[in-house]
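Following: one structure in structure tokens, then a few remarks.
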Amino acid sequence: MASVGNRYTHGHHESVLRSHRWRTAENSAAYLLPHLTGGSSLLDIGSGPGTLTADLAARVAPGRVTATEPDGAVLDLARREITGRGLANVDFAVADVLDLDLPDASFDVVHAHQVLQHLADPVRALREMRRVCRPGGIVAARDSDYAGFTWFPAVPALDEWLAHYRHAARANGGEPDAGRRLLSWARAAGFAEITPSASTWCFATPEDRQWWAGMWAHRITRSDLATQLRASGAATAADLDRIADGWLAWADAPDGWLAILHGEILCRA
């Protein structure tokens, strides 16, 4: 999900993939869907385990989708998802979004979901995405804005979680509050016609709270993020266990509510 030369903060532990596989075109790319047509070609930057890629491929069929990741082993996750769905219109390429080994003006749509926040140079990435997009085509990006996350009831351990994540992401060269910066990054990349928007994920039903909190209880104690926090001395194993317990306590609150803010941009190439 991140470019070569940047450390992907989340890593690819099962708990991370669990959340990525939840993503669909409807819950993660609704802002883009009205602009997709059958027969279009689409480049998906950072395809991850491929659920979103597969949905987009179904939308543009018989047009082709090229799924990319900077790591071949991660790209194999998307390949398995696409194969399992029986889709025949997806190609796969190991690629670095900062230096795409692809011809100019190759795609009608270039899409990146939760990628730019992990890059030290998101403006360069957007320039590359524009370069490989056909004139008049669309470059689309959606990224979280961690400082805009909000929840109820107040759980001090979740404040610790947020502070730890934002610190770790920045230590890895990324910008966790990317959502609010997408418009400025697109302008800096040279786009003149930009449609900015925002949307949220909300977890408030008992089932959604248990799923989200259980996933993060595992991520904060077992994923690459946990390893980084312990290795850097930012948190002990006991600290991370306490944060995991905080997530589970939040999930058990009958009035528990969490909203996750995302910024979005549609840029005309």
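Here, A, B, ... name the chains of the structure tokens in the order displayed, residue numbers run from 1 inside each chain, and ligands are numbered from 1 in the same displayed order.
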* Asked: What are the DSSP helix (DSSP H, G or I) residues of range 112-221 of chain A, as a VMD selection string?
  -> chain A and resid 116 to 118 122 to 131 146 to 148 156 to 171 179 to 188 206 to 221
Go through range 26-133 of chain A and collect every residue that DSSP, computed from the backbone, puts in strand (DSSP E or B); the answer should be as a PDB file with all heavy atoms, in the first residue's frame.
```
ATOM      1  N   LEU A  42      -8.353   1.266 -16.023  1.00  0.00           N
ATOM      2  CA  LEU A  42      -8.155   1.824 -14.685  1.00  0.00           C
ATOM      3  C   LEU A  42      -6.868   1.276 -14.081  1.00  0.00           C
ATOM      4  O   LEU A  42      -6.610   0.070 -14.152  1.00  0.00           O
ATOM      5  CB  LEU A  42      -9.356   1.493 -13.798  1.00  0.00           C
ATOM      6  CG  LEU A  42      -9.388   2.085 -12.390  1.00  0.00           C
ATOM      7  CD1 LEU A  42     -10.830   2.385 -11.973  1.00  0.00           C
ATOM      8  CD2 LEU A  42      -8.743   1.159 -11.361  1.00  0.00           C
ATOM      9  N   LEU A  43      -6.094   2.156 -13.493  1.00  0.00           N
ATOM     10  CA  LEU A  43      -4.891   1.778 -12.752  1.00  0.00           C
ATOM     11  C   LEU A  43      -5.195   1.915 -11.271  1.00  0.00           C
ATOM     12  O   LEU A  43      -5.570   3.000 -10.804  1.00  0.00           O
ATOM     13  CB  LEU A  43      -3.718   2.686 -13.135  1.00  0.00           C
ATOM     14  CG  LEU A  43      -2.406   2.467 -12.367  1.00  0.00           C
ATOM     15  CD1 LEU A  43      -1.820   1.095 -12.650  1.00  0.00           C
ATOM     16  CD2 LEU A  43      -1.394   3.569 -12.705  1.00  0.00           C
ATOM     17  N   ASP A  44      -5.048   0.824 -10.527  1.00  0.00           N
ATOM     18  CA  ASP A  44      -5.294   0.845  -9.086  1.00  0.00           C
ATOM     19  C   ASP A  44      -3.960   0.802  -8.355  1.00  0.00           C
ATOM     20  O   ASP A  44      -3.273  -0.227  -8.356  1.00  0.00           O
ATOM     21  CB  ASP A  44      -6.180  -0.335  -8.682  1.00  0.00           C
ATOM     22  CG  ASP A  44      -6.729  -0.188  -7.279  1.00  0.00           C
ATOM     23  OD1 ASP A  44      -6.834   0.964  -6.801  1.00  0.00           O
ATOM     24  OD2 ASP A  44      -7.060  -1.212  -6.658  1.00  0.00           O
ATOM     25  N   ILE A  45      -3.611   1.921  -7.729  1.00  0.00           N
ATOM     26  CA  ILE A  45      -2.351   2.044  -7.005  1.00  0.00           C
ATOM     27  C   ILE A  45      -2.551   1.517  -5.586  1.00  0.00           C
ATOM     28  O   ILE A  45      -3.408   1.997  -4.858  1.00  0.00           O
ATOM     29  CB  ILE A  45      -1.891   3.513  -6.946  1.00  0.00           C
ATOM     30  CG1 ILE A  45      -1.721   4.101  -8.357  1.00  0.00           C
ATOM     31  CG2 ILE A  45      -0.621   3.647  -6.127  1.00  0.00           C
ATOM     32  CD1 ILE A  45      -0.565   3.543  -9.131  1.00  0.00           C
ATOM     33  N   VAL A  65      -8.292  -3.442 -15.763  1.00  0.00           N
ATOM     34  CA  VAL A  65      -7.719  -2.831 -14.575  1.00  0.00           C
ATOM     35  C   VAL A  65      -6.306  -3.375 -14.387  1.00  0.00           C
ATOM     36  O   VAL A  65      -6.071  -4.576 -14.567  1.00  0.00           O
ATOM     37  CB  VAL A  65      -8.570  -3.150 -13.324  1.00  0.00           C
ATOM     38  CG1 VAL A  65      -7.842  -2.747 -12.047  1.00  0.00           C
ATOM     39  CG2 VAL A  65      -9.924  -2.454 -13.417  1.00  0.00           C
ATOM     40  N   THR A  66      -5.386  -2.490 -14.046  1.00  0.00           N
ATOM     41  CA  THR A  66      -4.046  -2.910 -13.663  1.00  0.00           C
ATOM     42  C   THR A  66      -3.887  -2.665 -12.171  1.00  0.00           C
ATOM     43  O   THR A  66      -4.002  -1.524 -11.701  1.00  0.00           O
ATOM     44  CB  THR A  66      -2.963  -2.147 -14.440  1.00  0.00           C
ATOM     45  OG1 THR A  66      -3.102  -2.423 -15.838  1.00  0.00           O
ATOM     46  CG2 THR A  66      -1.566  -2.568 -13.988  1.00  0.00           C
ATOM     47  N   ALA A  67      -3.665  -3.741 -11.415  1.00  0.00           N
ATOM     48  CA  ALA A  67      -3.475  -3.665  -9.964  1.00  0.00           C
ATOM     49  C   ALA A  67      -1.991  -3.596  -9.666  1.00  0.00           C
ATOM     50  O   ALA A  67      -1.209  -4.379 -10.216  1.00  0.00           O
ATOM     51  CB  ALA A  67      -4.098  -4.885  -9.292  1.00  0.00           C
ATOM     52  N   THR A  68      -1.595  -2.683  -8.785  1.00  0.00           N
ATOM     53  CA  THR A  68      -0.179  -2.527  -8.467  1.00  0.00           C
ATOM     54  C   THR A  68       0.070  -2.553  -6.970  1.00  0.00           C
ATOM     55  O   THR A  68      -0.769  -2.148  -6.162  1.00  0.00           O
ATOM     56  CB  THR A  68       0.388  -1.202  -9.018  1.00  0.00           C
ATOM     57  OG1 THR A  68      -0.126  -0.102  -8.251  1.00  0.00           O
ATOM     58  CG2 THR A  68       0.043  -1.012 -10.478  1.00  0.00           C
ATOM     59  N   GLU A  69       1.239  -3.038  -6.627  1.00  0.00           N
ATOM     60  CA  GLU A  69       1.811  -2.975  -5.289  1.00  0.00           C
ATOM     61  C   GLU A  69       3.328  -2.914  -5.463  1.00  0.00           C
ATOM     62  O   GLU A  69       3.861  -3.444  -6.436  1.00  0.00           O
ATOM     63  CB  GLU A  69       1.442  -4.216  -4.461  1.00  0.00           C
ATOM     64  CG  GLU A  69       0.103  -4.144  -3.755  1.00  0.00           C
ATOM     65  CD  GLU A  69       0.131  -3.222  -2.540  1.00  0.00           C
ATOM     66  OE1 GLU A  69       1.243  -2.824  -2.107  1.00  0.00           O
ATOM     67  OE2 GLU A  69      -0.952  -2.898  -2.035  1.00  0.00           O
ATOM     68  N   VAL A  90      -8.208  -8.191 -15.182  1.00  0.00           N
ATOM     69  CA  VAL A  90      -7.255  -7.536 -14.287  1.00  0.00           C
ATOM     70  C   VAL A  90      -5.839  -8.021 -14.592  1.00  0.00           C
ATOM     71  O   VAL A  90      -5.590  -9.223 -14.689  1.00  0.00           O
ATOM     72  CB  VAL A  90      -7.588  -7.814 -12.810  1.00  0.00           C
ATOM     73  CG1 VAL A  90      -6.590  -7.107 -11.895  1.00  0.00           C
ATOM     74  CG2 VAL A  90      -9.015  -7.362 -12.479  1.00  0.00           C
ATOM     75  N   ASP A  91      -4.943  -7.059 -14.752  1.00  0.00           N
ATOM     76  CA  ASP A  91      -3.515  -7.336 -14.890  1.00  0.00           C
ATOM     77  C   ASP A  91      -2.821  -6.915 -13.598  1.00  0.00           C
ATOM     78  O   ASP A  91      -3.365  -6.147 -12.805  1.00  0.00           O
ATOM     79  CB  ASP A  91      -2.936  -6.550 -16.073  1.00  0.00           C
ATOM     80  CG  ASP A  91      -3.660  -6.858 -17.370  1.00  0.00           C
ATOM     81  OD1 ASP A  91      -3.784  -8.050 -17.709  1.00  0.00           O
ATOM     82  OD2 ASP A  91      -4.132  -5.905 -18.030  1.00  0.00           O
ATOM     83  N   PHE A  92      -1.604  -7.401 -13.390  1.00  0.00           N
ATOM     84  CA  PHE A  92      -0.881  -7.153 -12.143  1.00  0.00           C
ATOM     85  C   PHE A  92       0.521  -6.669 -12.461  1.00  0.00           C
ATOM     86  O   PHE A  92       1.179  -7.196 -13.359  1.00  0.00           O
ATOM     87  CB  PHE A  92      -0.832  -8.425 -11.300  1.00  0.00           C
ATOM     88  CG  PHE A  92      -2.195  -8.985 -10.978  1.00  0.00           C
ATOM     89  CD1 PHE A  92      -2.801  -9.910 -11.830  1.00  0.00           C
ATOM     90  CD2 PHE A  92      -2.881  -8.567  -9.857  1.00  0.00           C
ATOM     91  CE1 PHE A  92      -4.052 -10.411 -11.557  1.00  0.00           C
ATOM     92  CE2 PHE A  92      -4.137  -9.064  -9.573  1.00  0.00           C
ATOM     93  CZ  PHE A  92      -4.730  -9.991 -10.424  1.00  0.00           C
ATOM     94  N   ALA A  93       0.980  -5.678 -11.699  1.00  0.00           N
ATOM     95  CA  ALA A  93       2.315  -5.136 -11.923  1.00  0.00           C
ATOM     96  C   ALA A  93       2.922  -4.675 -10.611  1.00  0.00           C
ATOM     97  O   ALA A  93       2.274  -3.957  -9.840  1.00  0.00           O
ATOM     98  CB  ALA A  93       2.248  -3.955 -12.902  1.00  0.00           C
ATOM     99  N   VAL A  94       4.144  -5.099 -10.340  1.00  0.00           N
ATOM    100  CA  VAL A  94       4.898  -4.554  -9.218  1.00  0.00           C
ATOM    101  C   VAL A  94       5.353  -3.162  -9.641  1.00  0.00           C
ATOM    102  O   VAL A  94       6.010  -2.999 -10.673  1.00  0.00           O
ATOM    103  CB  VAL A  94       6.108  -5.443  -8.871  1.00  0.00           C
ATOM    104  CG1 VAL A  94       6.953  -4.795  -7.787  1.00  0.00           C
ATOM    105  CG2 VAL A  94       5.635  -6.824  -8.429  1.00  0.00           C
ATOM    106  N   PHE A 107      -4.095   5.302 -19.083  1.00  0.00           N
ATOM    107  CA  PHE A 107      -5.314   4.889 -18.394  1.00  0.00           C
ATOM    108  C   PHE A 107      -6.358   6.003 -18.394  1.00  0.00           C
ATOM    109  O   PHE A 107      -6.019   7.186 -18.323  1.00  0.00           O
ATOM    110  CB  PHE A 107      -5.002   4.494 -16.944  1.00  0.00           C
ATOM    111  CG  PHE A 107      -4.028   3.355 -16.825  1.00  0.00           C
ATOM    112  CD1 PHE A 107      -2.669   3.607 -16.709  1.00  0.00           C
ATOM    113  CD2 PHE A 107      -4.464   2.042 -16.841  1.00  0.00           C
ATOM    114  CE1 PHE A 107      -1.762   2.560 -16.603  1.00  0.00           C
ATOM    115  CE2 PHE A 107      -3.567   0.995 -16.748  1.00  0.00           C
ATOM    116  CZ  PHE A 107      -2.212   1.255 -16.624  1.00  0.00           C
ATOM    117  N   ASP A 108      -7.617   5.585 -18.405  1.00  0.00           N
ATOM    118  CA  ASP A 108      -8.712   6.554 -18.290  1.00  0.00           C
ATOM    119  C   ASP A 108      -8.882   7.022 -16.852  1.00  0.00           C
ATOM    120  O   ASP A 108      -9.284   8.166 -16.610  1.00  0.00           O
ATOM    121  CB  ASP A 108     -10.026   5.926 -18.770  1.00  0.00           C
ATOM    122  CG  ASP A 108      -9.979   5.520 -20.229  1.00  0.00           C
ATOM    123  OD1 ASP A 108      -9.595   6.359 -21.062  1.00  0.00           O
ATOM    124  OD2 ASP A 108     -10.313   4.359 -20.537  1.00  0.00           O
ATOM    125  N   VAL A 109      -8.618   6.138 -15.911  1.00  0.00           N
ATOM    126  CA  VAL A 109      -8.778   6.438 -14.486  1.00  0.00           C
ATOM    127  C   VAL A 109      -7.554   5.908 -13.738  1.00  0.00           C
ATOM    128  O   VAL A 109      -7.122   4.779 -13.977  1.00  0.00           O
ATOM    129  CB  VAL A 109     -10.052   5.784 -13.904  1.00  0.00           C
ATOM    130  CG1 VAL A 109     -10.191   6.091 -12.413  1.00  0.00           C
ATOM    131  CG2 VAL A 109     -11.297   6.235 -14.674  1.00  0.00           C
ATOM    132  N   VAL A 110      -7.020   6.728 -12.835  1.00  0.00           N
ATOM    133  CA  VAL A 110      -5.934   6.298 -11.948  1.00  0.00           C
ATOM    134  C   VAL A 110      -6.425   6.515 -10.519  1.00  0.00           C
ATOM    135  O   VAL A 110      -6.793   7.635 -10.145  1.00  0.00           O
ATOM    136  CB  VAL A 110      -4.633   7.077 -12.213  1.00  0.00           C
ATOM    137  CG1 VAL A 110      -3.523   6.576 -11.294  1.00  0.00           C
ATOM    138  CG2 VAL A 110      -4.218   6.945 -13.679  1.00  0.00           C
ATOM    139  N   HIS A 111      -6.422   5.444  -9.732  1.00  0.00           N
ATOM    140  CA  HIS A 111      -7.071   5.453  -8.418  1.00  0.00           C
ATOM    141  C   HIS A 111      -6.097   5.030  -7.330  1.00  0.00           C
ATOM    142  O   HIS A 111      -5.301   4.099  -7.523  1.00  0.00           O
ATOM    143  CB  HIS A 111      -8.270   4.485  -8.450  1.00  0.00           C
ATOM    144  CG  HIS A 111      -8.835   4.158  -7.111  1.00  0.00           C
ATOM    145  ND1 HIS A 111      -8.503   3.017  -6.415  1.00  0.00           N
ATOM    146  CD2 HIS A 111      -9.723   4.834  -6.332  1.00  0.00           C
ATOM    147  CE1 HIS A 111      -9.170   2.997  -5.270  1.00  0.00           C
ATOM    148  NE2 HIS A 111      -9.909   4.072  -5.188  1.00  0.00           N
ATOM    149  N   ALA A 112      -6.177   5.705  -6.184  1.00  0.00           N
ATOM    150  CA  ALA A 112      -5.360   5.330  -5.026  1.00  0.00           C
ATOM    151  C   ALA A 112      -6.203   5.505  -3.768  1.00  0.00           C
ATOM    152  O   ALA A 112      -6.681   6.617  -3.485  1.00  0.00           O
ATOM    153  CB  ALA A 112      -4.102   6.189  -4.944  1.00  0.00           C
ATOM    154  N   HIS A 113      -6.370   4.419  -3.030  1.00  0.00           N
ATOM    155  CA  HIS A 113      -7.129   4.466  -1.781  1.00  0.00           C
ATOM    156  C   HIS A 113      -6.206   4.213  -0.601  1.00  0.00           C
ATOM    157  O   HIS A 113      -5.552   3.176  -0.531  1.00  0.00           O
ATOM    158  CB  HIS A 113      -8.245   3.410  -1.799  1.00  0.00           C
ATOM    159  CG  HIS A 113      -9.136   3.458  -0.597  1.00  0.00           C
ATOM    160  ND1 HIS A 113      -8.979   2.629   0.486  1.00  0.00           N
ATOM    161  CD2 HIS A 113     -10.177   4.267  -0.300  1.00  0.00           C
ATOM    162  CE1 HIS A 113      -9.904   2.913   1.397  1.00  0.00           C
ATOM    163  NE2 HIS A 113     -10.638   3.911   0.947  1.00  0.00           N
ATOM    164  N   CYS A 133      -2.169   9.065 -16.755  1.00  0.00           N
ATOM    165  CA  CYS A 133      -3.603   9.218 -17.033  1.00  0.00           C
ATOM    166  C   CYS A 133      -3.787   9.938 -18.370  1.00  0.00           C
ATOM    167  O   CYS A 133      -3.074  10.898 -18.680  1.00  0.00           O
ATOM    168  CB  CYS A 133      -4.263  10.019 -15.918  1.00  0.00           C
ATOM    169  SG  CYS A 133      -6.069  10.030 -15.973  1.00  0.00           S
TER     170      CYS A 133
END
```
Report as a Markdown table the residues of range 105-145 of chain A within 10 Å of range 181-187 of chain A, each with its shortest atom pair and distance in Å (one decimal), using only C-alpha atoms, ordered by chain and increasing residue number.
```
| residue | atom | partner | partner_atom | distance |
| --- | --- | --- | --- | --- |
| A:Leu116 | CA | A:Leu182 | CA | 8.5 |
| A:Gln117 | CA | A:Leu182 | CA | 9.3 |
| A:Asp121 | CA | A:Trp185 | CA | 9.5 |
| A:Pro122 | CA | A:Trp185 | CA | 7.0 |
| A:Val123 | CA | A:Trp185 | CA | 5.4 |
| A:Arg124 | CA | A:Trp185 | CA | 9.1 |
| A:Ala125 | CA | A:Trp185 | CA | 9.7 |
| A:Leu126 | CA | A:Ala186 | CA | 6.7 |
| A:Arg127 | CA | A:Ala186 | CA | 8.4 |
| A:Arg130 | CA | A:Ala186 | CA | 9.8 |
| A:Val139 | CA | A:Ala186 | CA | 9.6 |
| A:Ala141 | CA | A:Leu182 | CA | 7.9 |
| A:Arg142 | CA | A:Leu182 | CA | 8.1 |
| A:Asp143 | CA | A:Leu182 | CA | 7.9 |
| A:Asp145 | CA | A:Arg181 | CA | 8.9 |
```
* 7 Å contact set for Gly48 in chain A, only C-alpha atoms, chain neighbours under 2 positions out, as a PyMOL selection string -> chain A and resi 1+46+50+74-75+77-78
Deliver the residues from the most recent selection as a file, using N, CA, C and O atoms, as an mmCIF file, in the first residue's frame.
```cif
data_model
loop_
_atom_site.group_PDB
_atom_site.id
_atom_site.type_symbol
_atom_site.label_atom_id
_atom_site.label_comp_id
_atom_site.auth_asym_id
_atom_site.auth_seq_id
_atom_site.Cartn_x
_atom_site.Cartn_y
_atom_site.Cartn_z
ATOM 1 N N MET A 1 0.807 -1.191 0.000
ATOM 2 C CA MET A 1 0.000 0.000 0.000
ATOM 3 C C MET A 1 0.858 1.265 0.000
ATOM 4 O O MET A 1 0.343 2.347 -0.146
ATOM 5 N N GLY A 46 -1.755 0.541 -5.176
ATOM 6 C CA GLY A 46 -1.874 0.009 -3.826
ATOM 7 C C GLY A 46 -3.114 -0.838 -3.650
ATOM 8 O O GLY A 46 -3.998 -0.528 -2.851
ATOM 9 N N GLY A 50 -7.089 -6.728 -2.555
ATOM 10 C CA GLY A 50 -7.797 -6.796 -3.826
ATOM 11 C C GLY A 50 -9.309 -6.719 -3.819
ATOM 12 O O GLY A 50 -9.920 -6.769 -4.889
ATOM 13 N N VAL A 74 2.756 -9.053 -1.664
ATOM 14 C CA VAL A 74 1.489 -8.381 -1.363
ATOM 15 C C VAL A 74 0.581 -8.404 -2.588
ATOM 16 O O VAL A 74 -0.635 -8.614 -2.478
ATOM 17 N N LEU A 75 1.169 -8.211 -3.766
ATOM 18 C CA LEU A 75 0.367 -8.247 -4.986
ATOM 19 C C LEU A 75 -0.283 -9.609 -5.181
ATOM 20 O O LEU A 75 -1.387 -9.710 -5.740
ATOM 21 N N LEU A 77 -1.693 -11.312 -2.973
ATOM 22 C CA LEU A 77 -2.961 -11.305 -2.232
ATOM 23 C C LEU A 77 -4.092 -10.841 -3.137
ATOM 24 O O LEU A 77 -5.185 -11.426 -3.144
ATOM 25 N N ALA A 78 -3.850 -9.783 -3.897
ATOM 26 C CA ALA A 78 -4.864 -9.287 -4.834
ATOM 27 C C ALA A 78 -5.108 -10.302 -5.940
ATOM 28 O O ALA A 78 -6.259 -10.521 -6.358
#
```
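Relative to CA of Ala147 in chain A, CA of Thr205 in chain A is found at 22.7 Å.
Between CA of Asn172 in chain A and CA of Asn6 in chain A the separation is 6.5 Å.
You will find CA of Asp255 in chain A at 12.3 Å from CA of Asp208 in chain A.
Non-sequential neighbours of range 160-163 of chain A (distance at most 8 Å, separation of 2 or more positions within a chain, only C-alpha atoms) are Tyr146, Pro156, Ala157, Leu158, Tyr165, Arg166, His167, Ile220 and Ile243 of chain A.
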Selection export as a compact mmCIF listing (two decimals), in the first residue's frame, atoms kept: C-alpha atoms:
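Produced file selection11.txt, reproduced below:
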```
# COMPACT_ATOMS: atom_id res chain seq x y z
CA TYR A 146 -6.54 10.66 11.74
CA PRO A 156 -8.25 7.59 27.55
CA ALA A 157 -6.56 4.52 26.03
CA LEU A 158 -7.90 5.50 22.61
CA TYR A 165 -0.25 5.95 15.55
CA ARG A 166 0.26 9.53 14.37
CA HIS A 167 3.80 9.57 15.80
CA ILE A 220 -2.04 -2.62 18.32
CA ILE A 243 -4.74 0.18 24.68
```
